[in-house]
Number of protein chains: 2
Amino acid sequence: MRGRGDRLAGALAEAELDRYLVTDLTNVRYLTGFTGTNGACICGPDLRLFLTDFRYTERAAAEVEGWETLTIGSDWLQGIAERLRGRVGFEDDQVSVRLLGKLKEKLGEGTEMVAAGGRVAGLRRVKDAEELATIAEASKLADAAWAWALERGLAGRRERDVARATEARIRELGGDPSFPVIVAAGPSAALPHAEPGEREIGRGELVVFDMGAKLDGYCSDGTRTFATGEPGERARGVYEVVRQAQAAALGAIRAGVRGEDVDSAARKPIGDAGYGERFGHALGHGVGLEVHEGPRLSQRSEDVLAPGEVVTVEPGIYLPGDLGVRIEDLVVVGEGALRNLSSLPKELQLVE
Amino acid sequence: MRGRGDRLAGALAEAELDRYLVTDLTNVRYLTGFTGTNGACICGPDLRLFLTDFRYTERAAAEVEGWETLTIGSDWLQGIAERLRGRVGFEDDQVSVRLLGKLKEKLGEGTEMVAAGGRVAGLRRVKDAEELATIAEASKLADAAWAWALERGLAGRRERDVARATEARIRELGGDPSFPVIVAAGPSAALPHAEPGEREIGRGELVVFDMGAKLDGYCSDGTRTFATGEPGERARGVYEVVRQAQAAALGAIRAGVRGEDVDSAARKPIGDAGYGERFGHALGHGVGLEVHEGPRLSQRSEDVLAPGEVVTVEPGIYLPGDLGVRIEDLVVVGEGALRNLSSLPKELQLVE
């Protein structure tokens, strides 16, 4: 974890920053290991300072590695301000207008706050071996929860009941859901962000089942679309288009490729099949301490993939009032072949 | 729910604001009923406009009451900016520096953003009858989870196992935990924000058990300290001081009283008993859509209590390396007597 502070410090010189203030708690956790609800980091060429309050002194002692820990007594912002010098980069995408105003009132002469968000998010994109192992483990846990859920069957049960039971299973297996499990059947599956409802899943329906597990703070994310018995030619046709689009995108992923081009690789077969308007979201996103982080795989992305990045690949087709299909894997970008962390089969599975 | 938008609009004139922009999602939910992950409100004298994106058009139609709903197509900030006029109050305690900067670039001539956070949080302090009923129901659910947990016993089990099992029970009963359940026994109970650990709960220990349930978005919050068999004279003495402090604070709560004075009412008996330094946190806080909201009961609070506010009353004494006691009720402020939503007894309970 020490290397993370060093990488951040290394990036400050080129941005002409003397200090960098990290207040986003996920970024603080990434840099220091701290998991409490109040903490901040100040990073400089020779400074790795972690600040918290009295409630977390003991936890910081147990968790924080490679950063000097200081407990701020009474005035939190004053405690931060006193330790800032020169040009101070701050996370302008996280810090509220009010907080910045209050902090500025307390700064010493010659200290200046410079909007410089996203530095730690940039570091977080590439995962180290330990992070990759944890994410792989989380993905495995989710796959085990899927196996369990499918054994119990889908048809005849309410979407919400399947979702809640699967969340409970994830917890039994030692994880937490990365986000509320999505189970959307029949016409509901046409809503890309459907909430599991009270509707009973019918026979011969397509069921979009989207979930992930969180383990030691790291998330997984995946989706499969199942059929509760034969769904018919049309549904099979749509499914096959999505499956081929997903395979095309997986084939396009390697270090050096642009996120936009990977998105295009999936978008083309869907467009060719006449469903271009029915794939209304981005192809994928990075996953780590947050279930949505960088890089982005979309038409608007300017990201270029690097080895060790973990991204979802999740094309979908949604036909309003009718049906929906999404297939999502979680993969690790490599110099050559990617490593796919999702173990479930991609051919359409007919389940109970 | 319509009345909420009206109350907000009513407060704009005196602040000389033409519009008020609400971006905090909890505040958006409070005003409109919307539970999705992207939405904003623009409120003016004759304007109740709710904005969301295509993913949530259907959900908004089902959930939003009393506000006109508009789906923003592509550029979210542009869609907001076009609908702002004159002096526009915004939630400076929520809006990031970056977001404000981007929004300002898109404003029309003569439109000005004015820092004015906390307006909706102010409205949220006083709960209406429906909100009170939901919070009471959530509290009842938590009490039922407690009864269940105590039946299974505490001694000989790991803190973490008791906490996880109780969270699962809350979910089985149809709620969600308001926050991760705290179970802290023996010396761990001396940490006010202890995470449940791997340690096995011994016999004759005090166990701080802090939890709440969330139902339809509304939270409950409560704490009891139990003894796993006779804890000894000293522990009983500390418990009794906290119990009396809590009773004193409950006796001080009514509309028109200052939060600071209620805090003092609890702090005095603890100080008199020589434990003043060992009660290192505020007495209580408001509870509603968030488990921590206004008003505050603390030495630094400037809040004055009003009928219909829901607050915790939770004094504690923490003796490092030794033991901890906290007793917390959730109560509704009234003109006269308060309404206590916590049903568990306050005398020290000896449990298995």
# chains A, B, ... in the order shown; residues from 1 in each chain; ligands from 1

call {"tool": "interface_residues", "arguments": {"of": "chain A", "to": "chain B", "cutoff": "9 Å", "atoms": "only C-alpha atoms", "output": "JSON, numbers by chain"}}
result
{"A": [55, 56, 58, 59, 91, 92, 93, 94, 95, 96, 97, 98, 99, 100, 115, 117, 164, 168, 171, 191, 192, 193, 194]}

call {"tool": "select_by_dssp", "arguments": {"residues": "region 13-96 of chain B", "states": "helix (DSSP H, G or I)", "output": "ChimeraX atom specification"}}
result
/B:13-14,25-32,54-63,76-81

call {"tool": "write_last_selection", "arguments": {"atoms": "N, CA and C atoms", "output": "CSV table (one decimal), in the first residue's frame"}}
result
chain,number,residue,atom,x,y,z
B,13,ALA,N,-39.0,33.3,-0.9
B,13,ALA,CA,-39.2,34.7,-1.0
B,13,ALA,C,-38.4,35.5,0.1
B,14,GLU,N,-38.4,35.0,1.3
B,14,GLU,CA,-37.7,35.7,2.3
B,14,GLU,C,-36.2,35.6,2.1
B,25,LEU,N,-29.9,13.6,-3.4
B,25,LEU,CA,-31.0,12.6,-3.7
B,25,LEU,C,-31.9,12.3,-2.5
B,26,THR,N,-31.5,12.4,-1.3
B,26,THR,CA,-32.4,12.2,-0.2
B,26,THR,C,-33.4,13.3,-0.1
B,27,ASN,N,-32.9,14.6,-0.4
B,27,ASN,CA,-33.8,15.7,-0.4
B,27,ASN,C,-34.8,15.6,-1.5
B,28,VAL,N,-34.3,15.2,-2.7
B,28,VAL,CA,-35.2,15.0,-3.8
B,28,VAL,C,-36.3,13.9,-3.5
B,29,ARG,N,-35.9,12.9,-2.8
B,29,ARG,CA,-36.8,11.8,-2.4
B,29,ARG,C,-37.9,12.4,-1.5
B,30,TYR,N,-37.4,13.2,-0.5
B,30,TYR,CA,-38.3,13.8,0.5
B,30,TYR,C,-39.3,14.7,-0.2
B,31,LEU,N,-38.9,15.4,-1.2
B,31,LEU,CA,-39.8,16.4,-1.9
B,31,LEU,C,-40.8,15.7,-2.8
B,32,THR,N,-40.3,14.7,-3.5
B,32,THR,CA,-41.0,14.1,-4.7
B,32,THR,C,-41.5,12.7,-4.5
B,54,PHE,N,-33.6,9.1,-19.0
B,54,PHE,CA,-34.4,8.1,-19.6
B,54,PHE,C,-34.6,6.8,-18.8
B,55,ARG,N,-33.5,6.5,-18.0
B,55,ARG,CA,-33.6,5.3,-17.3
B,55,ARG,C,-34.7,5.3,-16.3
B,56,TYR,N,-35.1,6.5,-15.8
B,56,TYR,CA,-36.1,6.5,-14.7
B,56,TYR,C,-37.4,7.2,-15.1
B,57,THR,N,-37.7,7.3,-16.4
B,57,THR,CA,-38.9,7.9,-16.8
B,57,THR,C,-40.1,7.1,-16.2
B,58,GLU,N,-40.1,5.8,-16.3
B,58,GLU,CA,-41.2,5.0,-15.8
B,58,GLU,C,-41.3,5.1,-14.3
B,59,ARG,N,-40.1,5.0,-13.6
B,59,ARG,CA,-40.2,5.0,-12.2
B,59,ARG,C,-40.7,6.3,-11.7
B,60,ALA,N,-40.3,7.4,-12.3
B,60,ALA,CA,-40.8,8.7,-11.9
B,60,ALA,C,-42.3,8.8,-12.1
B,61,ALA,N,-42.8,8.3,-13.2
B,61,ALA,CA,-44.2,8.3,-13.4
B,61,ALA,C,-45.0,7.6,-12.3
B,62,ALA,N,-44.4,6.5,-11.8
B,62,ALA,CA,-45.0,5.8,-10.7
B,62,ALA,C,-44.8,6.4,-9.3
B,63,GLU,N,-43.7,7.1,-9.1
B,63,GLU,CA,-43.4,7.6,-7.8
B,63,GLU,C,-43.7,9.0,-7.5
B,76,TRP,N,-27.2,16.5,-19.2
B,76,TRP,CA,-27.9,16.7,-18.0
B,76,TRP,C,-27.8,18.1,-17.4
B,77,LEU,N,-26.5,18.6,-17.3
B,77,LEU,CA,-26.3,19.9,-16.7
B,77,LEU,C,-27.0,21.0,-17.6
B,78,GLN,N,-26.9,20.9,-18.9
B,78,GLN,CA,-27.5,21.8,-19.8
B,78,GLN,C,-29.0,21.8,-19.6
B,79,GLY,N,-29.6,20.6,-19.4
B,79,GLY,CA,-31.0,20.5,-19.1
B,79,GLY,C,-31.4,21.2,-17.9
B,80,ILE,N,-30.6,21.2,-16.9
B,80,ILE,CA,-30.9,21.9,-15.6
B,80,ILE,C,-30.7,23.4,-15.8
B,81,ALA,N,-29.5,23.8,-16.4
B,81,ALA,CA,-29.2,25.2,-16.5
B,81,ALA,C,-30.3,26.0,-17.3

call {"tool": "residues_around", "arguments": {"residues": "Gly212 (chain B)", "least_positions_apart": "3", "cutoff": "7 Å", "atoms": "only C-alpha atoms", "output": "mmCIF file with C-alpha atoms, in the first residue's frame"}}
result
data_model
loop_
_atom_site.group_PDB
_atom_site.id
_atom_site.type_symbol
_atom_site.label_atom_id
_atom_site.label_comp_id
_atom_site.auth_asym_id
_atom_site.auth_seq_id
_atom_site.Cartn_x
_atom_site.Cartn_y
_atom_site.Cartn_z
ATOM 1 C CA SER B 139 -38.389 0.881 15.465
ATOM 2 C CA ALA B 142 -35.749 -3.471 15.271
ATOM 3 C CA PRO B 177 -30.313 -2.369 8.765
ATOM 4 C CA SER B 178 -30.098 1.451 9.130
ATOM 5 C CA PHE B 179 -26.332 0.922 9.528
ATOM 6 C CA CYS B 219 -34.589 4.732 9.754
ATOM 7 C CA SER B 220 -34.801 3.802 13.389
ATOM 8 C CA ASP B 221 -31.878 3.854 15.814
ATOM 9 C CA GLY B 222 -31.513 2.434 19.307
#

call {"tool": "residues_around", "arguments": {"residues": "Ala40 (chain B)", "least_positions_apart": "3", "cutoff": "9 Å", "atoms": "only C-alpha atoms", "output": "ChimeraX atom specification"}}
result
/B:21-25,28,49-52,80

call {"tool": "select_by_dssp", "arguments": {"residues": "region 78-316 of chain B", "states": "strand (DSSP E or B)", "output": "ChimeraX atom specification"}}
result
/B:87-90,96,112-115,126,158,176-177,182-185,200,206-211,213-215,218-219,222-227,258,284-286,293-297,304,309-313,316

call {"tool": "atom_distance", "arguments": {"atom1": "CA of Arg199 (chain A)", "atom2": "CA of Arg157 (chain A)"}}
result
8.2 Å

call {"tool": "residues_around", "arguments": {"residues": "Gly276 (chain B)", "least_positions_apart": "6", "cutoff": "10 Å", "atoms": "only C-alpha atoms", "output": "list in words"}}
result
Arg267, Lys268, Pro269, Ile270 and Ile317 of chain B

call {"tool": "residues_around", "arguments": {"residues": "Gly336 (chain A)", "least_positions_apart": "3", "cutoff": "10 Å", "atoms": "only C-alpha atoms", "output": "NGL selection string"}}
result
:A and (253-255 or 307 or 333 or 339)

call {"tool": "residues_around", "arguments": {"residues": "Ala247 (chain B)", "least_positions_apart": "5", "cutoff": "10 Å", "atoms": "only C-alpha atoms", "output": "number ranges by chain"}}
result
B: 241-242, 252, 265-266, 313, 315, 327, 346

call {"tool": "decode", "arguments": {"residues": "region 148-264 of chain B", "atoms": "C-alpha atoms", "output": "PDB file, in the first residue's frame"}}
result
ATOM      1  CA  TRP B 148     -34.957 -12.688  18.453  1.00  0.00           C
ATOM      2  CA  ALA B 149     -31.228 -12.069  18.983  1.00  0.00           C
ATOM      3  CA  LEU B 150     -31.482 -12.244  22.766  1.00  0.00           C
ATOM      4  CA  GLU B 151     -33.391 -15.523  22.592  1.00  0.00           C
ATOM      5  CA  ARG B 152     -30.398 -17.006  20.792  1.00  0.00           C
ATOM      6  CA  GLY B 153     -28.087 -15.737  23.538  1.00  0.00           C
ATOM      7  CA  LEU B 154     -24.913 -13.663  23.469  1.00  0.00           C
ATOM      8  CA  ALA B 155     -22.288 -15.380  25.631  1.00  0.00           C
ATOM      9  CA  GLY B 156     -20.009 -17.781  23.789  1.00  0.00           C
ATOM     10  CA  ARG B 157     -20.748 -16.271  20.388  1.00  0.00           C
ATOM     11  CA  ARG B 158     -18.534 -13.943  18.371  1.00  0.00           C
ATOM     12  CA  GLU B 159     -19.601 -10.297  18.266  1.00  0.00           C
ATOM     13  CA  ARG B 160     -19.524 -10.367  14.494  1.00  0.00           C
ATOM     14  CA  ASP B 161     -21.711 -13.477  14.257  1.00  0.00           C
ATOM     15  CA  VAL B 162     -24.351 -11.923  16.512  1.00  0.00           C
ATOM     16  CA  ALA B 163     -24.266  -8.719  14.454  1.00  0.00           C
ATOM     17  CA  ARG B 164     -24.516 -10.452  11.059  1.00  0.00           C
ATOM     18  CA  ALA B 165     -27.293 -12.774  12.246  1.00  0.00           C
ATOM     19  CA  THR B 166     -29.266  -9.820  13.591  1.00  0.00           C
ATOM     20  CA  GLU B 167     -28.856  -7.950  10.290  1.00  0.00           C
ATOM     21  CA  ALA B 168     -30.171 -11.032   8.487  1.00  0.00           C
ATOM     22  CA  ARG B 169     -33.114 -11.148  10.878  1.00  0.00           C
ATOM     23  CA  ILE B 170     -33.931  -7.476  10.187  1.00  0.00           C
ATOM     24  CA  ARG B 171     -34.032  -8.322   6.482  1.00  0.00           C
ATOM     25  CA  GLU B 172     -36.203 -11.395   7.082  1.00  0.00           C
ATOM     26  CA  LEU B 173     -38.635  -9.138   8.911  1.00  0.00           C
ATOM     27  CA  GLY B 174     -38.868  -6.961   5.803  1.00  0.00           C
ATOM     28  CA  GLY B 175     -36.484  -4.122   6.626  1.00  0.00           C
ATOM     29  CA  ASP B 176     -32.856  -3.272   6.105  1.00  0.00           C
ATOM     30  CA  PRO B 177     -30.313  -2.369   8.765  1.00  0.00           C
ATOM     31  CA  SER B 178     -30.098   1.451   9.130  1.00  0.00           C
ATOM     32  CA  PHE B 179     -26.332   0.922   9.528  1.00  0.00           C
ATOM     33  CA  PRO B 180     -24.106  -2.099  10.260  1.00  0.00           C
ATOM     34  CA  VAL B 181     -25.241  -3.528  13.616  1.00  0.00           C
ATOM     35  CA  ILE B 182     -22.818  -2.825  16.477  1.00  0.00           C
ATOM     36  CA  VAL B 183     -22.200  -5.578  19.039  1.00  0.00           C
ATOM     37  CA  ALA B 184     -19.320  -4.706  21.362  1.00  0.00           C
ATOM     38  CA  ALA B 185     -18.599  -6.673  24.525  1.00  0.00           C
ATOM     39  CA  GLY B 186     -16.252  -6.244  27.480  1.00  0.00           C
ATOM     40  CA  PRO B 187     -13.353  -3.905  26.693  1.00  0.00           C
ATOM     41  CA  SER B 188     -14.523  -3.477  23.065  1.00  0.00           C
ATOM     42  CA  ALA B 189     -17.628  -1.749  24.397  1.00  0.00           C
ATOM     43  CA  ALA B 190     -15.366   1.094  25.492  1.00  0.00           C
ATOM     44  CA  LEU B 191     -14.962   2.119  21.830  1.00  0.00           C
ATOM     45  CA  PRO B 192     -18.003   4.256  20.955  1.00  0.00           C
ATOM     46  CA  HIS B 193     -17.777   3.218  17.285  1.00  0.00           C
ATOM     47  CA  ALA B 194     -16.559  -0.331  17.702  1.00  0.00           C
ATOM     48  CA  GLU B 195     -16.876  -2.708  14.774  1.00  0.00           C
ATOM     49  CA  PRO B 196     -18.091  -6.152  15.832  1.00  0.00           C
ATOM     50  CA  GLY B 197     -14.989  -8.306  16.097  1.00  0.00           C
ATOM     51  CA  GLU B 198     -13.933 -11.943  16.122  1.00  0.00           C
ATOM     52  CA  ARG B 199     -13.813 -11.996  19.893  1.00  0.00           C
ATOM     53  CA  GLU B 200     -16.109 -14.393  21.705  1.00  0.00           C
ATOM     54  CA  ILE B 201     -18.457 -12.698  24.144  1.00  0.00           C
ATOM     55  CA  GLY B 202     -17.629 -13.846  27.679  1.00  0.00           C
ATOM     56  CA  ARG B 203     -19.850 -14.386  30.719  1.00  0.00           C
ATOM     57  CA  GLY B 204     -20.456 -11.510  33.117  1.00  0.00           C
ATOM     58  CA  GLU B 205     -19.613  -8.930  30.431  1.00  0.00           C
ATOM     59  CA  LEU B 206     -21.482  -5.816  29.391  1.00  0.00           C
ATOM     60  CA  VAL B 207     -22.502  -5.878  25.724  1.00  0.00           C
ATOM     61  CA  VAL B 208     -23.347  -2.656  23.866  1.00  0.00           C
ATOM     62  CA  PHE B 209     -25.870  -3.562  21.136  1.00  0.00           C
ATOM     63  CA  ASP B 210     -26.639  -0.639  18.783  1.00  0.00           C
ATOM     64  CA  MET B 211     -28.887  -1.010  15.750  1.00  0.00           C
ATOM     65  CA  GLY B 212     -31.794   0.269  13.731  1.00  0.00           C
ATOM     66  CA  ALA B 213     -34.060  -0.826  10.918  1.00  0.00           C
ATOM     67  CA  LYS B 214     -34.873   1.014   7.722  1.00  0.00           C
ATOM     68  CA  LEU B 215     -38.366   0.715   6.278  1.00  0.00           C
ATOM     69  CA  ASP B 216     -39.630   2.531   3.156  1.00  0.00           C
ATOM     70  CA  GLY B 217     -36.538   4.717   3.378  1.00  0.00           C
ATOM     71  CA  TYR B 218     -37.027   5.740   7.016  1.00  0.00           C
ATOM     72  CA  CYS B 219     -34.589   4.732   9.754  1.00  0.00           C
ATOM     73  CA  SER B 220     -34.801   3.802  13.389  1.00  0.00           C
ATOM     74  CA  ASP B 221     -31.878   3.854  15.814  1.00  0.00           C
ATOM     75  CA  GLY B 222     -31.513   2.434  19.307  1.00  0.00           C
ATOM     76  CA  THR B 223     -29.024   0.949  21.765  1.00  0.00           C
ATOM     77  CA  ARG B 224     -29.208  -1.272  24.804  1.00  0.00           C
ATOM     78  CA  THR B 225     -26.409  -2.553  26.989  1.00  0.00           C
ATOM     79  CA  PHE B 226     -26.943  -6.094  28.254  1.00  0.00           C
ATOM     80  CA  ALA B 227     -25.024  -8.187  30.800  1.00  0.00           C
ATOM     81  CA  THR B 228     -24.183 -11.830  30.075  1.00  0.00           C
ATOM     82  CA  GLY B 229     -24.693 -12.785  33.710  1.00  0.00           C
ATOM     83  CA  GLU B 230     -23.813 -10.769  36.790  1.00  0.00           C
ATOM     84  CA  PRO B 231     -21.295  -8.088  35.727  1.00  0.00           C
ATOM     85  CA  GLY B 232     -20.298  -6.957  39.242  1.00  0.00           C
ATOM     86  CA  GLU B 233     -20.823  -3.873  41.383  1.00  0.00           C
ATOM     87  CA  ARG B 234     -18.685  -1.498  39.368  1.00  0.00           C
ATOM     88  CA  ALA B 235     -20.361  -2.250  36.040  1.00  0.00           C
ATOM     89  CA  ARG B 236     -23.763  -1.992  37.672  1.00  0.00           C
ATOM     90  CA  GLY B 237     -22.769   1.376  39.111  1.00  0.00           C
ATOM     91  CA  VAL B 238     -21.722   2.743  35.716  1.00  0.00           C
ATOM     92  CA  TYR B 239     -24.875   1.361  34.133  1.00  0.00           C
ATOM     93  CA  GLU B 240     -27.026   3.081  36.733  1.00  0.00           C
ATOM     94  CA  VAL B 241     -25.361   6.452  36.112  1.00  0.00           C
ATOM     95  CA  VAL B 242     -26.072   6.169  32.382  1.00  0.00           C
ATOM     96  CA  ARG B 243     -29.632   5.065  33.011  1.00  0.00           C
ATOM     97  CA  GLN B 244     -30.269   8.064  35.244  1.00  0.00           C
ATOM     98  CA  ALA B 245     -28.607  10.426  32.768  1.00  0.00           C
ATOM     99  CA  GLN B 246     -30.812   9.062  30.011  1.00  0.00           C
ATOM    100  CA  ALA B 247     -33.933   9.468  32.137  1.00  0.00           C
ATOM    101  CA  ALA B 248     -32.931  13.054  32.960  1.00  0.00           C
ATOM    102  CA  ALA B 249     -32.490  13.879  29.272  1.00  0.00           C
ATOM    103  CA  LEU B 250     -35.846  12.288  28.374  1.00  0.00           C
ATOM    104  CA  GLY B 251     -37.432  14.414  31.077  1.00  0.00           C
ATOM    105  CA  ALA B 252     -35.924  17.564  29.580  1.00  0.00           C
ATOM    106  CA  ILE B 253     -37.200  16.984  26.032  1.00  0.00           C
ATOM    107  CA  ARG B 254     -40.147  19.039  24.843  1.00  0.00           C
ATOM    108  CA  ALA B 255     -40.869  21.608  22.136  1.00  0.00           C
ATOM    109  CA  GLY B 256     -39.074  24.918  22.661  1.00  0.00           C
ATOM    110  CA  VAL B 257     -36.125  23.477  24.587  1.00  0.00           C
ATOM    111  CA  ARG B 258     -32.630  23.934  23.180  1.00  0.00           C
ATOM    112  CA  GLY B 259     -30.671  20.888  22.013  1.00  0.00           C
ATOM    113  CA  GLU B 260     -27.768  22.108  24.119  1.00  0.00           C
ATOM    114  CA  ASP B 261     -29.874  22.073  27.275  1.00  0.00           C
ATOM    115  CA  VAL B 262     -31.084  18.516  26.701  1.00  0.00           C
ATOM    116  CA  ASP B 263     -27.465  17.451  26.234  1.00  0.00           C
ATOM    117  CA  SER B 264     -26.577  19.223  29.495  1.00  0.00           C
TER     118      SER B 264
END
